[in-house]
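Here's model27.cif, which has mmCIF, C-alpha atoms:
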```cif
data_input
#
loop_
_atom_site.group_PDB
_atom_site.id
_atom_site.type_symbol
_atom_site.label_atom_id
_atom_site.label_comp_id
_atom_site.auth_asym_id
_atom_site.auth_seq_id
_atom_site.Cartn_x
_atom_site.Cartn_y
_atom_site.Cartn_z
ATOM 1 C CA MET A 14 -5.272 -51.653 -57.053
ATOM 2 C CA PHE A 15 -7.057 -49.102 -54.872
ATOM 3 C CA LYS A 16 -10.531 -47.585 -54.729
ATOM 4 C CA ALA A 17 -11.047 -44.044 -55.983
ATOM 5 C CA LEU A 18 -13.884 -41.722 -56.912
ATOM 6 C CA LEU A 19 -13.081 -41.388 -60.590
ATOM 7 C CA LEU A 20 -14.501 -38.658 -62.824
ATOM 8 C CA GLU A 21 -14.541 -39.427 -66.550
ATOM 9 C CA LYS A 22 -15.644 -37.401 -69.558
ATOM 10 C CA ASP A 23 -15.514 -38.539 -73.162
ATOM 11 C CA GLN A 24 -17.759 -39.001 -76.203
ATOM 12 C CA SER A 25 -20.114 -41.090 -74.066
ATOM 13 C CA GLY A 26 -20.612 -38.195 -71.651
ATOM 14 C CA PHE A 27 -19.736 -37.575 -68.002
ATOM 15 C CA ARG A 28 -19.484 -40.298 -65.354
ATOM 16 C CA ALA A 29 -18.649 -40.212 -61.658
ATOM 17 C CA GLY A 30 -18.278 -43.346 -59.547
ATOM 18 C CA VAL A 31 -16.059 -45.378 -57.258
ATOM 19 C CA ARG A 32 -13.749 -47.522 -59.374
ATOM 20 C CA PRO A 33 -10.686 -49.758 -58.879
ATOM 21 C CA VAL A 34 -7.559 -47.952 -60.100
ATOM 22 C CA ASP A 35 -4.085 -49.356 -60.651
ATOM 23 C CA GLU A 36 -1.381 -47.720 -58.544
ATOM 24 C CA SER A 37 0.794 -47.339 -61.639
ATOM 25 C CA ALA A 38 -1.666 -44.694 -62.849
ATOM 26 C CA LEU A 39 -0.894 -42.342 -59.948
ATOM 27 C CA PRO A 40 0.899 -39.107 -60.927
ATOM 28 C CA GLU A 41 4.516 -38.512 -59.980
ATOM 29 C CA GLY A 42 5.104 -37.243 -56.470
ATOM 30 C CA ASP A 43 7.752 -37.317 -53.766
ATOM 31 C CA VAL A 44 5.277 -38.515 -51.111
ATOM 32 C CA GLN A 45 3.164 -41.651 -51.483
ATOM 33 C CA ALA A 46 0.384 -41.836 -48.945
ATOM 34 C CA THR A 47 -2.609 -43.731 -47.714
ATOM 35 C CA VAL A 48 -5.700 -41.549 -47.232
ATOM 36 C CA ALA A 49 -7.806 -42.229 -44.143
ATOM 37 C CA HIS A 50 -10.397 -39.478 -44.575
ATOM 38 C CA SER A 51 -11.361 -36.921 -47.173
ATOM 39 C CA THR A 52 -14.287 -34.519 -47.382
ATOM 40 C CA LEU A 53 -16.697 -32.735 -49.702
ATOM 41 C CA ASN A 54 -16.185 -29.035 -50.261
ATOM 42 C CA PHE A 55 -18.246 -26.825 -52.563
ATOM 43 C CA LYS A 56 -15.622 -27.175 -55.298
ATOM 44 C CA ASP A 57 -15.721 -30.980 -54.919
ATOM 45 C CA GLY A 58 -19.485 -30.831 -55.343
ATOM 46 C CA LEU A 59 -19.146 -28.798 -58.537
ATOM 47 C CA ALA A 60 -16.635 -31.283 -59.961
ATOM 48 C CA ILE A 61 -18.419 -34.488 -58.957
ATOM 49 C CA THR A 62 -21.769 -33.286 -60.320
ATOM 50 C CA ASN A 63 -20.189 -31.686 -63.416
ATOM 51 C CA ARG A 64 -21.929 -28.390 -62.598
ATOM 52 C CA SER A 65 -18.918 -26.266 -63.432
ATOM 53 C CA PRO A 66 -15.697 -26.734 -65.427
ATOM 54 C CA VAL A 67 -13.612 -27.377 -62.323
ATOM 55 C CA VAL A 68 -11.802 -30.401 -63.756
ATOM 56 C CA ARG A 69 -9.085 -29.536 -66.284
ATOM 57 C CA ALA A 70 -7.748 -33.017 -67.122
ATOM 58 C CA TRP A 71 -9.498 -36.347 -67.633
ATOM 59 C CA PRO A 72 -9.886 -38.836 -66.113
ATOM 60 C CA MET A 73 -9.656 -37.227 -62.671
ATOM 61 C CA VAL A 74 -9.722 -38.595 -59.136
ATOM 62 C CA ALA A 75 -11.829 -36.145 -57.140
ATOM 63 C CA GLY A 76 -11.014 -34.672 -53.748
ATOM 64 C CA ILE A 77 -9.161 -31.442 -52.986
ATOM 65 C CA ASP A 78 -8.585 -32.458 -49.346
ATOM 66 C CA GLY A 79 -7.098 -35.458 -47.617
ATOM 67 C CA ALA A 80 -5.653 -36.599 -44.295
ATOM 68 C CA GLY A 81 -3.685 -39.747 -43.770
ATOM 69 C CA THR A 82 -0.274 -41.329 -43.350
ATOM 70 C CA VAL A 83 2.909 -41.243 -45.417
ATOM 71 C CA LEU A 84 3.842 -44.626 -46.911
ATOM 72 C CA GLN A 85 6.974 -43.660 -48.843
ATOM 73 C CA SER A 86 8.838 -40.390 -49.220
ATOM 74 C CA SER A 87 11.835 -38.949 -51.020
ATOM 75 C CA HIS A 88 11.094 -35.514 -49.528
ATOM 76 C CA ALA A 89 13.422 -34.393 -46.733
ATOM 77 C CA ASP A 90 10.596 -33.232 -44.443
ATOM 78 C CA TRP A 91 8.502 -36.393 -44.606
ATOM 79 C CA LYS A 92 9.089 -39.999 -43.606
ATOM 80 C CA PRO A 93 6.910 -43.134 -43.490
ATOM 81 C CA GLY A 94 4.413 -43.003 -40.641
ATOM 82 C CA ASP A 95 4.084 -39.206 -40.576
ATOM 83 C CA ARG A 96 0.501 -37.917 -40.438
ATOM 84 C CA PHE A 97 -0.435 -35.118 -42.826
ATOM 85 C CA VAL A 98 -3.253 -32.896 -43.965
ATOM 86 C CA HIS A 99 -3.594 -31.632 -47.537
ATOM 87 C CA ASN A 100 -5.750 -28.760 -48.818
ATOM 88 C CA GLY A 101 -6.072 -27.459 -52.371
ATOM 89 C CA TRP A 102 -3.021 -27.005 -54.621
ATOM 90 C CA GLY A 103 -5.061 -28.037 -57.673
ATOM 91 C CA LEU A 104 -5.906 -31.561 -56.507
ATOM 92 C CA GLY A 105 -9.173 -32.750 -58.031
ATOM 93 C CA GLU A 106 -8.725 -30.116 -60.754
ATOM 94 C CA THR A 107 -5.408 -30.590 -62.557
ATOM 95 C CA ARG A 108 -3.962 -33.439 -60.471
ATOM 96 C CA TRP A 109 -5.490 -36.589 -58.976
ATOM 97 C CA GLY A 110 -7.053 -35.941 -55.601
ATOM 98 C CA CYS A 111 -7.716 -37.575 -52.253
ATOM 99 C CA LEU A 112 -11.152 -39.191 -52.552
ATOM 100 C CA ALA A 113 -9.183 -42.408 -52.897
ATOM 101 C CA GLU A 114 -7.372 -44.982 -50.795
ATOM 102 C CA ARG A 115 -3.992 -43.874 -52.191
ATOM 103 C CA ALA A 116 -2.539 -40.522 -53.236
ATOM 104 C CA SER A 117 0.715 -39.348 -54.799
ATOM 105 C CA LEU A 118 1.497 -35.886 -53.430
ATOM 106 C CA LYS A 119 4.198 -33.247 -53.199
ATOM 107 C CA GLY A 120 5.830 -32.872 -49.812
ATOM 108 C CA ASP A 121 5.989 -29.085 -50.181
ATOM 109 C CA TRP A 122 2.189 -29.041 -50.193
ATOM 110 C CA LEU A 123 1.631 -30.974 -46.978
ATOM 111 C CA VAL A 124 1.044 -29.710 -43.452
ATOM 112 C CA ARG A 125 1.848 -31.888 -40.468
ATOM 113 C CA LEU A 126 -1.422 -32.964 -38.867
ATOM 114 C CA PRO A 127 -1.686 -31.245 -35.461
ATOM 115 C CA ALA A 128 -1.609 -33.712 -32.561
ATOM 116 C CA ALA A 129 -4.919 -32.248 -31.378
ATOM 117 C CA PHE A 130 -6.771 -33.699 -34.384
ATOM 118 C CA THR A 131 -7.572 -37.132 -35.734
ATOM 119 C CA THR A 132 -7.693 -37.507 -39.518
ATOM 120 C CA ARG A 133 -11.490 -37.484 -39.244
ATOM 121 C CA GLN A 134 -11.462 -34.193 -37.354
ATOM 122 C CA ALA A 135 -9.002 -32.705 -39.833
ATOM 123 C CA MET A 136 -11.415 -33.474 -42.654
ATOM 124 C CA ALA A 137 -14.356 -32.187 -40.629
ATOM 125 C CA ILE A 138 -12.402 -28.940 -40.910
ATOM 126 C CA GLY A 139 -11.136 -29.439 -44.478
ATOM 127 C CA THR A 140 -10.619 -26.589 -46.912
ATOM 128 C CA ALA A 141 -13.875 -24.974 -45.754
ATOM 129 C CA GLY A 142 -12.757 -24.761 -42.131
ATOM 130 C CA TYR A 143 -9.179 -23.865 -42.990
ATOM 131 C CA THR A 144 -10.580 -21.062 -45.198
ATOM 132 C CA ALA A 145 -12.705 -19.877 -42.270
ATOM 133 C CA MET A 146 -9.528 -19.676 -40.172
ATOM 134 C CA LEU A 147 -7.769 -17.696 -42.910
ATOM 135 C CA CYS A 148 -10.711 -15.273 -42.792
ATOM 136 C CA VAL A 149 -10.437 -14.911 -39.010
ATOM 137 C CA LEU A 150 -6.696 -14.284 -39.310
ATOM 138 C CA ALA A 151 -7.404 -11.574 -41.912
ATOM 139 C CA LEU A 152 -9.857 -9.858 -39.549
ATOM 140 C CA GLU A 153 -7.251 -9.954 -36.779
ATOM 141 C CA ARG A 154 -4.545 -8.510 -39.039
ATOM 142 C CA HIS A 155 -6.851 -5.564 -39.690
ATOM 143 C CA GLY A 156 -7.356 -4.907 -35.988
ATOM 144 C CA VAL A 157 -10.704 -6.553 -35.291
ATOM 145 C CA VAL A 158 -10.917 -7.611 -31.645
ATOM 146 C CA ALA A 159 -13.652 -9.184 -29.534
ATOM 147 C CA GLY A 160 -16.056 -6.589 -28.175
ATOM 148 C CA ASP A 161 -15.694 -4.239 -31.158
ATOM 149 C CA GLY A 162 -19.200 -5.020 -32.380
ATOM 150 C CA SER A 163 -21.141 -7.664 -34.245
ATOM 151 C CA VAL A 164 -19.374 -9.836 -36.824
ATOM 152 C CA LEU A 165 -21.575 -11.000 -39.708
ATOM 153 C CA VAL A 166 -21.123 -14.483 -41.158
ATOM 154 C CA THR A 167 -22.963 -15.145 -44.428
ATOM 155 C CA GLY A 168 -23.746 -18.590 -45.814
ATOM 156 C CA ALA A 169 -23.815 -19.512 -42.161
ATOM 157 C CA SER A 170 -25.014 -23.109 -42.330
ATOM 158 C CA GLY A 171 -22.395 -24.087 -44.924
ATOM 159 C CA GLY A 172 -18.935 -25.422 -44.167
ATOM 160 C CA VAL A 173 -17.073 -22.096 -44.096
ATOM 161 C CA GLY A 174 -19.859 -20.369 -42.208
ATOM 162 C CA SER A 175 -20.286 -23.097 -39.597
ATOM 163 C CA VAL A 176 -16.597 -23.183 -38.695
ATOM 164 C CA ALA A 177 -16.313 -19.379 -38.806
ATOM 165 C CA ILE A 178 -19.159 -19.044 -36.290
ATOM 166 C CA ALA A 179 -17.606 -21.607 -33.950
ATOM 167 C CA LEU A 180 -14.186 -19.919 -34.151
ATOM 168 C CA LEU A 181 -15.396 -16.340 -33.764
ATOM 169 C CA ALA A 182 -17.732 -17.161 -30.879
ATOM 170 C CA ARG A 183 -15.009 -19.010 -28.978
ATOM 171 C CA LEU A 184 -12.705 -16.023 -29.501
ATOM 172 C CA GLY A 185 -15.302 -13.815 -27.803
ATOM 173 C CA HIS A 186 -16.975 -12.095 -30.758
ATOM 174 C CA ARG A 187 -20.699 -11.432 -31.004
ATOM 175 C CA VAL A 188 -21.632 -13.325 -34.169
ATOM 176 C CA VAL A 189 -24.656 -12.684 -36.378
ATOM 177 C CA ALA A 190 -25.395 -15.563 -38.745
ATOM 178 C CA SER A 191 -27.096 -14.981 -42.095
ATOM 179 C CA SER A 192 -28.885 -18.062 -43.432
ATOM 180 C CA GLY A 193 -31.633 -18.999 -45.858
ATOM 181 C CA LYS A 194 -32.538 -22.037 -43.747
ATOM 182 C CA PRO A 195 -34.807 -21.005 -40.861
ATOM 183 C CA ASP A 196 -34.893 -24.602 -39.616
ATOM 184 C CA GLN A 197 -31.144 -24.340 -38.895
ATOM 185 C CA ALA A 198 -31.416 -21.400 -36.485
ATOM 186 C CA ASP A 199 -31.034 -23.600 -33.403
ATOM 187 C CA TYR A 200 -27.988 -25.287 -34.945
ATOM 188 C CA LEU A 201 -26.366 -21.909 -35.636
ATOM 189 C CA ARG A 202 -27.023 -20.723 -32.077
ATOM 190 C CA ARG A 203 -25.504 -23.913 -30.702
ATOM 191 C CA LEU A 204 -22.374 -23.127 -32.712
ATOM 192 C CA GLY A 205 -22.234 -19.744 -31.003
ATOM 193 C CA ALA A 206 -24.318 -17.297 -33.064
ATOM 194 C CA ALA A 207 -25.912 -14.625 -30.868
ATOM 195 C CA GLU A 208 -28.423 -13.737 -33.589
ATOM 196 C CA VAL A 209 -29.685 -15.312 -36.806
ATOM 197 C CA ILE A 210 -31.024 -13.211 -39.693
ATOM 198 C CA ASP A 211 -32.686 -14.231 -42.949
ATOM 199 C CA ARG A 212 -30.360 -14.075 -45.936
ATOM 200 C CA ALA A 213 -33.140 -12.215 -47.778
ATOM 201 C CA GLU A 214 -32.116 -9.115 -45.793
ATOM 202 C CA LEU A 215 -28.858 -9.086 -47.762
ATOM 203 C CA ALA A 216 -29.691 -10.826 -51.040
ATOM 204 C CA ALA A 217 -31.527 -8.038 -52.887
ATOM 205 C CA ALA A 218 -30.170 -4.795 -54.319
ATOM 206 C CA GLY A 219 -29.624 -2.091 -51.707
ATOM 207 C CA LYS A 220 -28.247 1.434 -51.351
ATOM 208 C CA PRO A 221 -24.523 2.049 -51.881
ATOM 209 C CA LEU A 222 -24.220 3.086 -48.230
ATOM 210 C CA GLN A 223 -26.517 1.710 -45.539
ATOM 211 C CA LYS A 224 -26.796 1.759 -41.751
ATOM 212 C CA GLU A 225 -23.525 0.720 -40.123
ATOM 213 C CA ARG A 226 -24.166 -2.712 -38.598
ATOM 214 C CA TRP A 227 -20.975 -4.791 -38.646
ATOM 215 C CA SER A 228 -17.490 -4.371 -37.244
ATOM 216 C CA ALA A 229 -16.396 -7.141 -39.610
ATOM 217 C CA VAL A 230 -17.792 -9.709 -42.030
ATOM 218 C CA VAL A 231 -16.882 -13.212 -43.183
ATOM 219 C CA ASP A 232 -18.588 -13.662 -46.556
ATOM 220 C CA ALA A 233 -18.821 -16.945 -48.449
ATOM 221 C CA VAL A 234 -21.652 -15.816 -50.734
ATOM 222 C CA GLY A 235 -20.474 -12.968 -52.970
ATOM 223 C CA SER A 236 -22.682 -11.039 -55.398
ATOM 224 C CA GLN A 237 -25.388 -8.777 -53.934
ATOM 225 C CA THR A 238 -24.911 -10.210 -50.456
ATOM 226 C CA LEU A 239 -21.297 -9.084 -50.405
ATOM 227 C CA ALA A 240 -22.255 -5.678 -51.831
ATOM 228 C CA ASN A 241 -24.769 -5.145 -49.025
ATOM 229 C CA ALA A 242 -22.347 -6.425 -46.394
ATOM 230 C CA LEU A 243 -19.813 -3.822 -47.558
ATOM 231 C CA ALA A 244 -22.469 -1.103 -47.501
ATOM 232 C CA GLN A 245 -23.386 -2.034 -43.900
ATOM 233 C CA THR A 246 -19.854 -2.348 -42.505
ATOM 234 C CA ARG A 247 -18.962 0.410 -40.064
ATOM 235 C CA TYR A 248 -16.165 2.921 -40.442
ATOM 236 C CA GLY A 249 -12.762 1.221 -40.574
ATOM 237 C CA GLY A 250 -14.254 -2.274 -40.672
ATOM 238 C CA VAL A 251 -13.054 -5.232 -42.711
ATOM 239 C CA VAL A 252 -14.836 -7.763 -44.903
ATOM 240 C CA ALA A 253 -13.124 -11.094 -45.649
ATOM 241 C CA ALA A 254 -14.479 -12.507 -48.926
ATOM 242 C CA CYS A 255 -13.884 -16.174 -49.687
ATOM 243 C CA GLY A 256 -16.805 -17.550 -51.704
ATOM 244 C CA LEU A 257 -19.392 -17.094 -54.438
ATOM 245 C CA ALA A 258 -22.413 -19.199 -53.478
ATOM 246 C CA GLN A 259 -24.754 -16.449 -54.733
ATOM 247 C CA GLY A 260 -22.559 -15.423 -57.661
ATOM 248 C CA HIS A 261 -19.149 -14.176 -58.754
ATOM 249 C CA ASP A 262 -20.330 -10.651 -59.551
ATOM 250 C CA LEU A 263 -19.972 -7.700 -57.164
ATOM 251 C CA PRO A 264 -22.632 -5.039 -57.878
ATOM 252 C CA ALA A 265 -21.143 -2.491 -55.475
ATOM 253 C CA THR A 266 -19.727 1.047 -55.518
ATOM 254 C CA VAL A 267 -16.499 2.501 -54.147
ATOM 255 C CA MET A 268 -18.437 4.450 -51.490
ATOM 256 C CA PRO A 269 -17.845 2.071 -48.542
ATOM 257 C CA PHE A 270 -14.122 2.204 -49.295
ATOM 258 C CA ILE A 271 -13.640 5.939 -49.777
ATOM 259 C CA LEU A 272 -16.253 7.263 -47.305
ATOM 260 C CA ARG A 273 -15.937 4.700 -44.496
ATOM 261 C CA GLY A 274 -12.459 3.295 -45.014
ATOM 262 C CA VAL A 275 -13.801 -0.246 -45.274
ATOM 263 C CA THR A 276 -11.282 -2.933 -46.275
ATOM 264 C CA LEU A 277 -12.212 -5.804 -48.581
ATOM 265 C CA ALA A 278 -9.785 -8.657 -47.911
ATOM 266 C CA GLY A 279 -9.720 -11.427 -50.490
ATOM 267 C CA ILE A 280 -9.102 -14.914 -49.102
ATOM 268 C CA ASP A 281 -7.544 -17.636 -51.253
ATOM 269 C CA SER A 282 -7.098 -21.089 -49.779
ATOM 270 C CA VAL A 283 -6.034 -23.049 -52.878
ATOM 271 C CA MET A 284 -2.572 -21.547 -53.443
ATOM 272 C CA ALA A 285 -1.961 -19.965 -50.018
ATOM 273 C CA PRO A 286 1.722 -20.152 -49.022
ATOM 274 C CA ILE A 287 2.782 -22.948 -46.712
ATOM 275 C CA ALA A 288 3.559 -20.561 -43.821
ATOM 276 C CA ALA A 289 -0.023 -19.267 -43.869
ATOM 277 C CA ARG A 290 -1.341 -22.834 -43.936
ATOM 278 C CA ARG A 291 0.764 -23.887 -40.973
ATOM 279 C CA LEU A 292 -0.370 -20.876 -38.967
ATOM 280 C CA ALA A 293 -4.016 -21.553 -39.832
ATOM 281 C CA TRP A 294 -3.774 -25.180 -38.694
ATOM 282 C CA GLU A 295 -1.932 -24.188 -35.516
ATOM 283 C CA ARG A 296 -4.721 -21.741 -34.682
ATOM 284 C CA LEU A 297 -7.421 -24.263 -35.545
ATOM 285 C CA ALA A 298 -5.834 -26.711 -33.097
ATOM 286 C CA ARG A 299 -5.879 -24.010 -30.417
ATOM 287 C CA ASP A 300 -9.130 -22.163 -31.072
ATOM 288 C CA LEU A 301 -11.651 -24.640 -32.486
ATOM 289 C CA ASP A 302 -13.748 -26.567 -29.977
ATOM 290 C CA PRO A 303 -13.805 -30.307 -30.875
ATOM 291 C CA ALA A 304 -17.407 -30.427 -29.620
ATOM 292 C CA ALA A 305 -18.353 -27.910 -32.304
ATOM 293 C CA LEU A 306 -16.748 -30.164 -34.913
ATOM 294 C CA GLU A 307 -19.007 -33.032 -33.885
ATOM 295 C CA LEU A 308 -22.054 -30.793 -34.183
ATOM 296 C CA ILE A 309 -20.968 -29.701 -37.667
ATOM 297 C CA THR A 310 -19.984 -33.098 -39.081
ATOM 298 C CA GLU A 311 -21.733 -35.876 -40.998
ATOM 299 C CA GLU A 312 -19.691 -38.916 -42.063
ATOM 300 C CA VAL A 313 -20.307 -41.105 -45.111
ATOM 301 C CA PRO A 314 -18.338 -43.899 -46.803
ATOM 302 C CA LEU A 315 -16.590 -43.292 -50.126
ATOM 303 C CA GLU A 316 -19.385 -45.172 -51.924
ATOM 304 C CA ARG A 317 -21.870 -42.433 -50.904
ATOM 305 C CA ALA A 318 -19.726 -39.479 -51.901
ATOM 306 C CA VAL A 319 -21.471 -38.910 -55.248
ATOM 307 C CA GLU A 320 -24.882 -38.974 -53.577
ATOM 308 C CA LYS A 321 -23.776 -36.454 -50.938
ATOM 309 C CA ALA A 322 -22.196 -34.219 -53.581
ATOM 310 C CA GLU A 323 -25.583 -34.018 -55.309
ATOM 311 C CA ALA A 324 -27.201 -33.144 -51.972
ATOM 312 C CA LEU A 325 -24.555 -30.483 -51.339
ATOM 313 C CA MET A 326 -25.283 -28.825 -54.675
ATOM 314 C CA ALA A 327 -29.015 -28.953 -53.933
ATOM 315 C CA GLY A 328 -28.485 -27.066 -50.657
ATOM 316 C CA LYS A 329 -29.472 -30.078 -48.572
ATOM 317 C CA VAL A 330 -26.263 -30.344 -46.556
ATOM 318 C CA ARG A 331 -25.359 -28.347 -43.477
ATOM 319 C CA GLY A 332 -21.891 -28.037 -42.044
ATOM 320 C CA ARG A 333 -19.296 -30.529 -43.193
ATOM 321 C CA VAL A 334 -19.346 -33.965 -44.851
ATOM 322 C CA VAL A 335 -16.430 -36.258 -43.946
ATOM 323 C CA VAL A 336 -15.731 -39.163 -46.299
ATOM 324 C CA ALA A 337 -14.312 -42.245 -44.572
ATOM 325 C CA ILE A 338 -11.863 -44.025 -46.855
ATOM 326 C CA GLY A 339 -9.310 -46.165 -45.038
ATOM 327 C CA ALA A 340 -7.976 -47.076 -41.618
#
```
Have the structure of the file written as structure tokens, please.
Amino acid sequence: MFKALLLEKDQSGFRAGVRPVDESALPEGDVQATVAHSTLNFKDGLAITNRSPVVRAWPMVAGIDGAGTVLQSSHADWKPGDRFVHNGWGLGETRWGCLAERASLKGDWLVRLPAAFTTRQAMAIGTAGYTAMLCVLALERHGVVAGDGSVLVTGASGGVGSVAIALLARLGHRVVASSGKPDQADYLRRLGAAEVIDRAELAAAGKPLQKERWSAVVDAVGSQTLANALAQTRYGGVVAACGLAQGHDLPATVMPFILRGVTLAGIDSVMAPIAARRLAWERLARDLDPAALELITEEVPLERAVEKAEALMAGKVRGRVVVAIGA
């Protein structure tokens, strides 16, 4: 038996709680692992609080991310004792996830945990931080370099935003953080933001083209915020879009694209190819300051994961929540 955060839905309704689960119930997989740490991402919060139809099969063990050690493996690339990190691939949605002491995984999905990180640090990064790195890589592919101008980060006090600020600042960019939490301004500046603006500046409907303000944007918010970010991006700039905290709509026009040559780069972390994942984790190990991770991170035991998921959905969490599970 092992402990897991089990999500159940039947005629009695929805339930989420830590339960004992028999190992025989684990799905098939060529890597059996013990999970040391997991985390709470926005998608985890949606699933655990039943706010959105994230879960596609019941019952479901929550947790799209995990870091731990291989126990058994029939996969050629993995052997007992290897340390791994897992992000996405449908865990916590269609397949049992990593908010549990044990996980049955596919070796093709795993990335070797960089020596620079502990399992706790890897989950302080999690899908949110790995997504932030994918965004930074997208900006670089489109020619954005430090000194080009200000880079806007929306949803700045969230997981993606916090890591994006820390990464971009360390790489030499001037970062402007957009946040709806004025009490977090000092936190955002400590992460490296040169300026903090109120999200209200971007949240309401604006003109199709506005004053050019940003050389690039990392947007985790979507909706009107993304539309305004596009309208304010300078000629030839790039906007990396990876979230929908405000909404999944995009009330924009083609004008930023055809009159300013702005690029909108979509960022997917769930099904990203393994080569992109490895590169992202290599860059995180090189470019992310461990001190910034400590500033970003709050740790809770598995038994408090449901409580913290509720807080996350209520906007009462900043940065990243690491869930301690096993040794």
Picked residues, the PyMOL selection byres ((chain A and resi 176-192) around 6), as a PyMOL selection string: chain A and resi 142+145+159+163-169+173-175+193-194+204-212+301
Selected residue of minimal separation from Thr52 in chain A among A:Thr246, A:Ser86, A:Ser25, A:Thr310, counting all atoms listed in the file: A:Thr310
Expected answer as number ranges by chain: all residues with atoms within 10 Å of (-19.8, -40.8, -49.4), all atoms listed in the file: A: 18, 31, 51-53, 112, 311-322, 334-338
All residues 7 Å or closer to Leu19 in chain A, all atoms listed in the file, same chain fewer than 5 positions away omitted, as a PyMOL selection string: chain A and resi 29-32+72-75
Chain and number of each residue from the PyMOL selection byres ((chain A and resi 278) around 7), as a list in words: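 For this structure, the PyMOL selection byres ((chain A and resi 278) around 7) resolves to Val252, Ala253, Ala254, Thr276, Leu277, Gly279 and Ile280 of chain A.
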Residues returned when the PyMOL selection byres ((chain A and resi 157) around 8) runs on this file, as a list in words: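 When the PyMOL selection byres ((chain A and resi 157) around 8) is applied, the selected residues are Leu152, Glu153, Arg154, His155, Gly156, Val158, Ala159, Asp161, Ser228, Ala229, Gly250 and Val251 of chain A.
Across the model, the gap from CA of Met136 in chain A to CA of Ala304 in chain A is 14.7 Å.
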Would you compute, for all listed atoms of range 73-84 of chain A, the axis-aligned bounding box grown by 6 Å on each side, and then report its centre and edge lengths in Å rounded to one decimal, as JSON?
```
{"center_x": -4.0, "center_y": -38.0, "center_z": -53.0, "size_x": 27.7, "size_y": 25.2, "size_z": 31.3}
```
